[in-house]
Amino acid sequence: MIDAHIHLDQYDAEEIKDRIKRWQENGIDGVVGVATNLRSSYDILKLKQDFPIFVRAAIGHHPEIPPPSKHDLYELTKLVKSERHNLSGIGEIGLPTYRKEELLESNREEEFNAILETFLKLAKDENLPVALHAVHEESKKVLSFLKKHSIQKAHFHWLKAPDEVIHEIVSEGYYVSVTPEVCYRERDQRLVKKVPIDQLLIETDGPWQYGGPFARKETSPLLLKEISKSVSNITKIPLKNLNEKIFNNTNRLYPNFVTDKS
């Protein structure tokens with residue numbers, strides 16, 4: 001099992017080795033570690049260096065925080081190119097939703113659009129998939145940018161979107177992931193029924209905390225097992241077959257690159 005979207009650098013650095021060991025002992029084969037900014041991108045690359053088999057690295061700038069400076073955006077662009085051999089994707093990128101009103105008090109909307117397009121052009125040039133934060137009213141807009149730049153490989157993480165947008169996303173062949181919310185939210189359970197099994201991924205978005213049955217539990221890749229059980233019940237696909245399909249989906253979108261250290 002592979003966690004298709006996790007903020008691995010936000011876990012306690014002193015405990016991460018023990019955590020990864022425990023996760024592996026419990027059937028987790030790997031994670032796609034996504035970044036939130038330039039500093040986070042370097043941290044993700046360090047984790048990739050320390051755990052090359054387990055970590056699949058994606059670097060970028062999260063849209064729910066202030067835009068990167070010109071210097072940081074330039075350095076991020078250079079970093080993607082110089083570390084291309086260690087990267088499985090670009091992310092987390094997209095457009096703001098939850099903090100949009102607050103962010104637009106001091107930044108122009110066009111600036112967020114331009115940053116997203118910069119990363120999309122880079123992804124196309126470097127033949128890398130993109131991990132997208134594109135939810136609610138911004139999902140259709142992000143989709144239009146993917147089409148504009150002829151992006152072939154994209155992952156809408158923790159998707160929340162109108163039915164017509166979901167249909168268009170899957171029609172374009174893009175991937176969609178569900179989180180532990182699929183275990184207790186009808187919205188996410190309906191989403192699973194709308195996504196072809198060959199385009200479905202599972203993620204935790206850890207260390208984000210969940211409600212429902214997970215209200216007092218730490219979010220970690222171990223929750224993937226609960227996600228899979230729920231998805232199996234929804235799709236009526238036997239758990240073993242489902243896990244194999246989703247594992248293959250994740251490998252197809254986010255192939256792992258292991259640099260020879262010798």
# chains A, B, ... in the order shown; residues from 1 in each chain; ligands from 1
>>> closest_atom_pairs(of="segment 96-203 of chain A", to="segment 75-87 of chain A", cutoff="9 Å", atoms="only C-alpha atoms", output="CSV")
residue,atom,partner,partner_atom,distance
A:Thr118,CA,A:Thr77,CA,8.6
A:Phe119,CA,A:Thr77,CA,7.9
A:Leu122,CA,A:Thr77,CA,7.4
A:Ala123,CA,A:Val80,CA,8.9
A:Glu126,CA,A:Lys81,CA,7.4
A:Leu128,CA,A:Leu87,CA,8.0
>>> write_last_selection(atoms="C-alpha atoms", output="short mmCIF file (atom, residue, chain, number, x, y, z; two decimals), in the first residue's frame")
data_model
loop_
_atom_site.label_atom_id
_atom_site.label_comp_id
_atom_site.auth_asym_id
_atom_site.auth_seq_id
_atom_site.Cartn_x
_atom_site.Cartn_y
_atom_site.Cartn_z
CA THR A 118 4.62 28.26 -13.90
CA PHE A 119 4.52 24.89 -12.15
CA LEU A 122 7.62 23.02 -15.51
CA ALA A 123 5.79 19.73 -15.00
CA GLU A 126 10.18 17.74 -16.99
CA LEU A 128 6.34 15.00 -14.06
#
>>> select_by_dssp(residues="segment 44-175 of chain A", states="strand (DSSP E)", output="short mmCIF file (atom, residue, chain, number, x, y, z; two decimals) with N, CA, C and O atoms, in the first residue's frame")
data_model
loop_
_atom_site.label_atom_id
_atom_site.label_comp_id
_atom_site.auth_asym_id
_atom_site.auth_seq_id
_atom_site.Cartn_x
_atom_site.Cartn_y
_atom_site.Cartn_z
N VAL A 55 10.19 6.71 0.30
CA VAL A 55 9.68 8.05 -0.01
C VAL A 55 9.72 8.34 -1.50
O VAL A 55 10.76 8.17 -2.15
N ARG A 56 8.62 8.80 -2.03
CA ARG A 56 8.53 9.34 -3.39
C ARG A 56 8.32 10.84 -3.23
O ARG A 56 7.34 11.27 -2.62
N ALA A 57 9.24 11.61 -3.75
CA ALA A 57 9.26 13.05 -3.46
C ALA A 57 8.52 13.87 -4.49
O ALA A 57 8.65 13.65 -5.70
N ALA A 58 7.73 14.84 -3.99
CA ALA A 58 7.09 15.85 -4.84
C ALA A 58 7.32 17.21 -4.18
O ALA A 58 7.10 17.35 -2.98
N ILE A 59 7.79 18.18 -4.94
CA ILE A 59 8.08 19.48 -4.36
C ILE A 59 7.30 20.58 -5.08
O ILE A 59 6.95 20.44 -6.25
N LEU A 87 12.80 13.01 -8.19
CA LEU A 87 11.40 13.43 -8.04
C LEU A 87 10.42 12.48 -8.70
O LEU A 87 10.68 11.95 -9.78
N SER A 88 9.29 12.30 -8.03
CA SER A 88 8.18 11.55 -8.60
C SER A 88 7.03 12.47 -9.00
O SER A 88 6.07 12.01 -9.62
N GLY A 89 7.11 13.76 -8.62
CA GLY A 89 6.04 14.68 -8.96
C GLY A 89 6.34 16.10 -8.54
O GLY A 89 7.36 16.38 -7.90
N ILE A 90 5.45 17.00 -8.92
CA ILE A 90 5.48 18.40 -8.49
C ILE A 90 4.22 18.64 -7.66
O ILE A 90 3.11 18.35 -8.09
N GLY A 91 4.40 19.14 -6.44
CA GLY A 91 3.23 19.37 -5.60
C GLY A 91 3.62 19.65 -4.16
O GLY A 91 4.76 19.41 -3.77
N GLU A 92 2.79 20.20 -3.43
CA GLU A 92 1.38 20.39 -3.71
C GLU A 92 1.18 21.77 -4.32
O GLU A 92 1.66 22.76 -3.79
N ILE A 93 0.48 21.82 -5.44
CA ILE A 93 0.21 23.08 -6.12
C ILE A 93 -1.29 23.19 -6.40
O ILE A 93 -2.02 22.22 -6.26
N GLY A 94 -1.73 24.38 -6.82
CA GLY A 94 -3.14 24.56 -7.13
C GLY A 94 -3.58 26.00 -6.93
O GLY A 94 -2.80 26.93 -7.14
N VAL A 130 1.49 16.17 -11.53
CA VAL A 130 1.25 17.24 -10.56
C VAL A 130 0.26 16.77 -9.50
O VAL A 130 -0.75 16.12 -9.81
N ALA A 131 0.56 17.10 -8.24
CA ALA A 131 -0.33 16.82 -7.11
C ALA A 131 -1.09 18.10 -6.82
O ALA A 131 -0.49 19.12 -6.44
N LEU A 132 -2.41 18.06 -6.99
CA LEU A 132 -3.21 19.28 -7.02
C LEU A 132 -4.10 19.48 -5.80
O LEU A 132 -4.82 18.58 -5.37
N HIS A 133 -4.07 20.72 -5.31
CA HIS A 133 -5.05 21.23 -4.35
C HIS A 133 -6.03 22.03 -5.19
O HIS A 133 -5.76 23.18 -5.57
N ALA A 154 -2.02 14.10 -13.85
CA ALA A 154 -2.44 14.96 -12.75
C ALA A 154 -3.20 14.15 -11.71
O ALA A 154 -3.89 13.18 -12.03
N HIS A 155 -3.09 14.61 -10.47
CA HIS A 155 -3.73 13.95 -9.33
C HIS A 155 -4.49 15.01 -8.53
O HIS A 155 -3.89 15.90 -7.95
N PHE A 156 -5.81 14.89 -8.52
CA PHE A 156 -6.66 15.76 -7.71
C PHE A 156 -6.77 15.12 -6.33
O PHE A 156 -7.53 14.18 -6.14
N TYR A 175 -6.18 11.37 -12.15
CA TYR A 175 -6.37 10.55 -10.97
C TYR A 175 -7.05 11.35 -9.85
O TYR A 175 -6.88 12.56 -9.75
#
>>> atom_distance(atom1="atom CA of Lys46 of chain A", atom2="atom CA of Asn256 of chain A")
15.3 Å
>>> residues_around(residues="Val176 of chain A", least_positions_apart="3", cutoff="7 Å", atoms="only C-alpha atoms", output="PDB file with all heavy atoms, in the first residue's frame")
ATOM      1  N   HIS A 155      -3.088  14.612 -10.467  1.00  0.00           N
ATOM      2  CA  HIS A 155      -3.731  13.953  -9.330  1.00  0.00           C
ATOM      3  C   HIS A 155      -4.493  15.006  -8.528  1.00  0.00           C
ATOM      4  O   HIS A 155      -3.888  15.903  -7.950  1.00  0.00           O
ATOM      5  CB  HIS A 155      -2.638  13.274  -8.474  1.00  0.00           C
ATOM      6  CG  HIS A 155      -3.106  12.833  -7.130  1.00  0.00           C
ATOM      7  ND1 HIS A 155      -2.242  12.640  -6.074  1.00  0.00           N
ATOM      8  CD2 HIS A 155      -4.349  12.539  -6.642  1.00  0.00           C
ATOM      9  CE1 HIS A 155      -2.911  12.244  -5.010  1.00  0.00           C
ATOM     10  NE2 HIS A 155      -4.195  12.186  -5.324  1.00  0.00           N
ATOM     11  N   PHE A 156      -5.813  14.895  -8.521  1.00  0.00           N
ATOM     12  CA  PHE A 156      -6.655  15.763  -7.711  1.00  0.00           C
ATOM     13  C   PHE A 156      -6.765  15.124  -6.335  1.00  0.00           C
ATOM     14  O   PHE A 156      -7.526  14.183  -6.136  1.00  0.00           O
ATOM     15  CB  PHE A 156      -8.031  15.923  -8.345  1.00  0.00           C
ATOM     16  CG  PHE A 156      -8.058  16.840  -9.530  1.00  0.00           C
ATOM     17  CD1 PHE A 156      -7.589  16.413 -10.765  1.00  0.00           C
ATOM     18  CD2 PHE A 156      -8.560  18.134  -9.419  1.00  0.00           C
ATOM     19  CE1 PHE A 156      -7.604  17.259 -11.869  1.00  0.00           C
ATOM     20  CE2 PHE A 156      -8.585  18.983 -10.518  1.00  0.00           C
ATOM     21  CZ  PHE A 156      -8.097  18.552 -11.749  1.00  0.00           C
ATOM     22  N   HIS A 157      -5.984  15.634  -5.385  1.00  0.00           N
ATOM     23  CA  HIS A 157      -5.982  15.028  -4.065  1.00  0.00           C
ATOM     24  C   HIS A 157      -7.184  15.540  -3.254  1.00  0.00           C
ATOM     25  O   HIS A 157      -7.571  16.695  -3.349  1.00  0.00           O
ATOM     26  CB  HIS A 157      -4.636  15.302  -3.372  1.00  0.00           C
ATOM     27  CG  HIS A 157      -4.667  16.255  -2.236  1.00  0.00           C
ATOM     28  ND1 HIS A 157      -4.923  15.861  -0.942  1.00  0.00           N
ATOM     29  CD2 HIS A 157      -4.467  17.598  -2.185  1.00  0.00           C
ATOM     30  CE1 HIS A 157      -4.876  16.915  -0.148  1.00  0.00           C
ATOM     31  NE2 HIS A 157      -4.606  17.982  -0.866  1.00  0.00           N
ATOM     32  N   LEU A 159     -10.382  15.290  -3.493  1.00  0.00           N
ATOM     33  CA  LEU A 159     -11.242  16.075  -4.378  1.00  0.00           C
ATOM     34  C   LEU A 159     -12.618  16.325  -3.785  1.00  0.00           C
ATOM     35  O   LEU A 159     -13.263  15.418  -3.264  1.00  0.00           O
ATOM     36  CB  LEU A 159     -11.393  15.365  -5.727  1.00  0.00           C
ATOM     37  CG  LEU A 159     -12.250  16.080  -6.767  1.00  0.00           C
ATOM     38  CD1 LEU A 159     -11.652  17.429  -7.153  1.00  0.00           C
ATOM     39  CD2 LEU A 159     -12.432  15.201  -7.998  1.00  0.00           C
ATOM     40  N   GLN A 199      -8.317   4.823 -11.933  1.00  0.00           N
ATOM     41  CA  GLN A 199      -7.891   6.205 -11.698  1.00  0.00           C
ATOM     42  C   GLN A 199      -8.006   6.599 -10.225  1.00  0.00           C
ATOM     43  O   GLN A 199      -7.847   7.766  -9.887  1.00  0.00           O
ATOM     44  CB  GLN A 199      -8.726   7.165 -12.548  1.00  0.00           C
ATOM     45  CG  GLN A 199      -8.474   7.051 -14.048  1.00  0.00           C
ATOM     46  CD  GLN A 199      -9.527   7.759 -14.870  1.00  0.00           C
ATOM     47  OE1 GLN A 199     -10.299   7.143 -15.596  1.00  0.00           O
ATOM     48  NE2 GLN A 199      -9.564   9.071 -14.773  1.00  0.00           N
ATOM     49  N   LEU A 200      -8.237   5.620  -9.379  1.00  0.00           N
ATOM     50  CA  LEU A 200      -8.450   5.903  -7.961  1.00  0.00           C
ATOM     51  C   LEU A 200      -7.177   5.669  -7.144  1.00  0.00           C
ATOM     52  O   LEU A 200      -6.476   4.676  -7.338  1.00  0.00           O
ATOM     53  CB  LEU A 200      -9.568   5.012  -7.420  1.00  0.00           C
ATOM     54  CG  LEU A 200     -10.023   5.285  -5.990  1.00  0.00           C
ATOM     55  CD1 LEU A 200     -10.683   6.664  -5.881  1.00  0.00           C
ATOM     56  CD2 LEU A 200     -10.981   4.188  -5.525  1.00  0.00           C
ATOM     57  N   LEU A 201      -6.896   6.609  -6.237  1.00  0.00           N
ATOM     58  CA  LEU A 201      -5.780   6.501  -5.305  1.00  0.00           C
ATOM     59  C   LEU A 201      -6.321   6.670  -3.890  1.00  0.00           C
ATOM     60  O   LEU A 201      -7.439   7.141  -3.691  1.00  0.00           O
ATOM     61  CB  LEU A 201      -4.733   7.589  -5.579  1.00  0.00           C
ATOM     62  CG  LEU A 201      -4.190   7.732  -6.993  1.00  0.00           C
ATOM     63  CD1 LEU A 201      -3.217   8.910  -7.075  1.00  0.00           C
ATOM     64  CD2 LEU A 201      -3.509   6.457  -7.456  1.00  0.00           C
TER      65      LEU A 201
END
>>> closest_atom_pairs(of="segment 33-74 of chain A", to="segment 3-16 of chain A", cutoff="9 Å", atoms="only C-alpha atoms", output="Markdown table")
| residue | atom | partner | partner_atom | distance |
| --- | --- | --- | --- | --- |
| A:Gly33 | CA | A:Ile6 | CA | 5.2 |
| A:Val34 | CA | A:His7 | CA | 5.5 |
| A:Ala35 | CA | A:His7 | CA | 6.6 |
| A:Thr36 | CA | A:His7 | CA | 8.1 |
| A:Ser40 | CA | A:Asp9 | CA | 6.8 |
| A:Ser41 | CA | A:Asp9 | CA | 8.9 |
| A:Asp43 | CA | A:Asp9 | CA | 6.2 |
| A:Ile44 | CA | A:Asp9 | CA | 6.1 |
| A:Leu47 | CA | A:Asp9 | CA | 7.6 |
| A:Val55 | CA | A:Leu8 | CA | 8.9 |
>>> atom_distance(atom1="atom CA of Pro63 of chain A", atom2="atom CA of Ser106 of chain A")
14.1 Å
>>> select_by_dssp(residues="segment 20-245 of chain A", states="helix (DSSP H, G or I)", output="VMD selection string")
chain A and resid 20 to 25 38 to 50 70 to 82 84 to 86 100 to 103 109 to 126 138 to 148 163 to 171 180 to 183 186 to 194 197 to 199 212 to 214 221 to 235 239 to 245
>>> residues_around(residues="Ile151 of chain A", least_positions_apart="3", cutoff="10 Å", atoms="only C-alpha atoms", output="compact mmCIF listing (two decimals) with all heavy atoms, in the first residue's frame")
# COMPACT_ATOMS: atom_id res chain seq x y z
N LEU A 120 2.89 24.22 -13.83
CA LEU A 120 2.36 23.32 -14.85
C LEU A 120 3.28 23.26 -16.06
O LEU A 120 3.52 22.17 -16.62
CB LEU A 120 0.96 23.77 -15.27
CG LEU A 120 -0.14 23.64 -14.21
CD1 LEU A 120 -1.48 24.11 -14.77
CD2 LEU A 120 -0.26 22.21 -13.69
N LYS A 121 3.80 24.40 -16.47
CA LYS A 121 4.76 24.41 -17.58
C LYS A 121 6.00 23.60 -17.22
O LYS A 121 6.55 22.85 -18.04
CB LYS A 121 5.15 25.86 -17.91
CG LYS A 121 4.04 26.68 -18.53
CD LYS A 121 4.47 28.14 -18.68
CE LYS A 121 3.32 29.01 -19.16
NZ LYS A 121 3.69 30.46 -19.19
N ALA A 123 6.17 21.14 -15.04
CA ALA A 123 5.79 19.73 -15.00
C ALA A 123 5.78 19.13 -16.40
O ALA A 123 6.24 18.00 -16.62
CB ALA A 123 4.42 19.57 -14.34
N LYS A 124 5.27 19.89 -17.35
CA LYS A 124 5.24 19.40 -18.72
C LYS A 124 6.65 19.26 -19.29
O LYS A 124 6.99 18.26 -19.92
CB LYS A 124 4.41 20.34 -19.59
CG LYS A 124 4.20 19.81 -21.00
CD LYS A 124 3.27 20.69 -21.80
CE LYS A 124 3.05 20.11 -23.19
NZ LYS A 124 2.16 20.96 -24.02
N ASN A 127 8.28 16.33 -17.61
CA ASN A 127 7.50 15.09 -17.68
C ASN A 127 7.22 14.53 -16.28
O ASN A 127 7.48 13.36 -15.99
CB ASN A 127 8.20 14.04 -18.54
CG ASN A 127 7.30 12.85 -18.84
OD1 ASN A 127 6.08 12.99 -18.91
ND2 ASN A 127 7.90 11.68 -19.03
N LEU A 128 6.67 15.39 -15.43
CA LEU A 128 6.34 15.00 -14.06
C LEU A 128 4.84 15.18 -13.82
O LEU A 128 4.23 16.13 -14.33
CB LEU A 128 7.10 15.87 -13.06
CG LEU A 128 8.58 15.53 -12.83
CD1 LEU A 128 9.27 16.66 -12.07
CD2 LEU A 128 8.71 14.22 -12.07
N PRO A 129 4.23 14.30 -13.04
CA PRO A 129 2.83 14.50 -12.66
C PRO A 129 2.70 15.63 -11.65
O PRO A 129 3.68 15.99 -10.99
CB PRO A 129 2.45 13.16 -12.03
CG PRO A 129 3.73 12.63 -11.48
CD PRO A 129 4.80 13.08 -12.45
N VAL A 130 1.49 16.17 -11.53
CA VAL A 130 1.25 17.24 -10.56
C VAL A 130 0.26 16.77 -9.50
O VAL A 130 -0.75 16.12 -9.81
CB VAL A 130 0.73 18.53 -11.24
CG1 VAL A 130 1.85 19.18 -12.04
CG2 VAL A 130 -0.47 18.25 -12.14
N LEU A 143 -8.77 22.69 -13.58
CA LEU A 143 -8.94 21.77 -14.71
C LEU A 143 -8.72 22.50 -16.03
O LEU A 143 -8.08 21.96 -16.95
CB LEU A 143 -10.33 21.15 -14.66
CG LEU A 143 -10.70 20.18 -15.78
CD1 LEU A 143 -9.74 19.00 -15.82
CD2 LEU A 143 -12.14 19.69 -15.59
N PHE A 145 -6.79 25.03 -16.56
CA PHE A 145 -5.36 25.28 -16.72
C PHE A 145 -4.63 24.00 -17.16
O PHE A 145 -3.69 24.06 -17.97
CB PHE A 145 -4.74 25.80 -15.42
CG PHE A 145 -5.01 27.26 -15.16
CD1 PHE A 145 -5.61 27.67 -13.97
CD2 PHE A 145 -4.65 28.22 -16.08
CE1 PHE A 145 -5.85 29.01 -13.72
CE2 PHE A 145 -4.89 29.57 -15.84
CZ PHE A 145 -5.49 29.97 -14.66
N LEU A 146 -5.07 22.86 -16.65
CA LEU A 146 -4.46 21.59 -17.08
C LEU A 146 -4.67 21.39 -18.58
O LEU A 146 -3.75 20.98 -19.31
CB LEU A 146 -5.07 20.42 -16.32
CG LEU A 146 -4.83 20.35 -14.81
CD1 LEU A 146 -5.53 19.10 -14.24
CD2 LEU A 146 -3.36 20.32 -14.47
N LYS A 147 -5.87 21.67 -19.03
CA LYS A 147 -6.16 21.53 -20.46
C LYS A 147 -5.38 22.54 -21.29
O LYS A 147 -4.85 22.20 -22.36
CB LYS A 147 -7.66 21.70 -20.70
CG LYS A 147 -8.52 20.57 -20.16
CD LYS A 147 -9.98 20.83 -20.51
CE LYS A 147 -10.86 19.68 -20.11
NZ LYS A 147 -12.27 19.91 -20.49
N LYS A 148 -5.30 23.75 -20.81
CA LYS A 148 -4.57 24.81 -21.52
C LYS A 148 -3.13 24.40 -21.77
O LYS A 148 -2.57 24.68 -22.85
CB LYS A 148 -4.63 26.11 -20.72
CG LYS A 148 -3.81 27.25 -21.30
CD LYS A 148 -3.90 28.49 -20.41
CE LYS A 148 -3.00 29.60 -20.91
NZ LYS A 148 -3.07 30.80 -20.03
N ALA A 154 -2.02 14.10 -13.85
CA ALA A 154 -2.44 14.96 -12.75
C ALA A 154 -3.20 14.15 -11.71
O ALA A 154 -3.89 13.18 -12.03
CB ALA A 154 -3.30 16.11 -13.26
N GLU A 172 -10.79 13.10 -18.63
CA GLU A 172 -9.45 13.49 -19.09
C GLU A 172 -8.39 12.47 -18.68
O GLU A 172 -7.22 12.60 -19.05
CB GLU A 172 -9.09 14.86 -18.52
CG GLU A 172 -9.89 16.02 -19.09
CD GLU A 172 -9.60 16.27 -20.56
OE1 GLU A 172 -8.43 16.08 -20.97
OE2 GLU A 172 -10.54 16.63 -21.30
N TYR A 174 -7.41 11.85 -15.53
CA TYR A 174 -6.67 12.26 -14.33
C TYR A 174 -7.04 11.37 -13.14
O TYR A 174 -8.07 10.70 -13.15
CB TYR A 174 -6.96 13.72 -14.00
CG TYR A 174 -6.53 14.68 -15.09
CD1 TYR A 174 -7.35 15.74 -15.47
CD2 TYR A 174 -5.31 14.53 -15.74
CE1 TYR A 174 -6.97 16.63 -16.47
CE2 TYR A 174 -4.92 15.42 -16.74
CZ TYR A 174 -5.75 16.46 -17.11
OH TYR A 174 -5.36 17.33 -18.09
>>> atom_distance(atom1="atom CA of Glu105 of chain A", atom2="atom CA of Gly60 of chain A")
23.0 Å
>>> closest_residue(among="A:Pro213, A:Pro68, A:Pro207, A:Gly173", to="Arg185 of chain A", atoms="only C-alpha atoms")
A:Pro213
>>> residues_around(residues="His136 of chain A", least_positions_apart="6", cutoff="8 Å", atoms="only C-alpha atoms", output="number ranges by chain")
A: 97, 160-162
>>> write_last_selection(atoms="C-alpha atoms", output="compact mmCIF listing (two decimals), in the first residue's frame")
# COMPACT_ATOMS: atom_id res chain seq x y z
CA THR A 97 -10.04 28.04 -1.58
CA LYS A 160 -14.40 17.99 -3.57
CA ALA A 161 -16.12 19.18 -6.74
CA PRO A 162 -19.47 19.39 -8.55
>>> closest_residue(among="A:Leu104, A:Ile53, A:Leu45, A:Val182", to="Pro255 of chain A", atoms="only C-alpha atoms")
A:Ile53
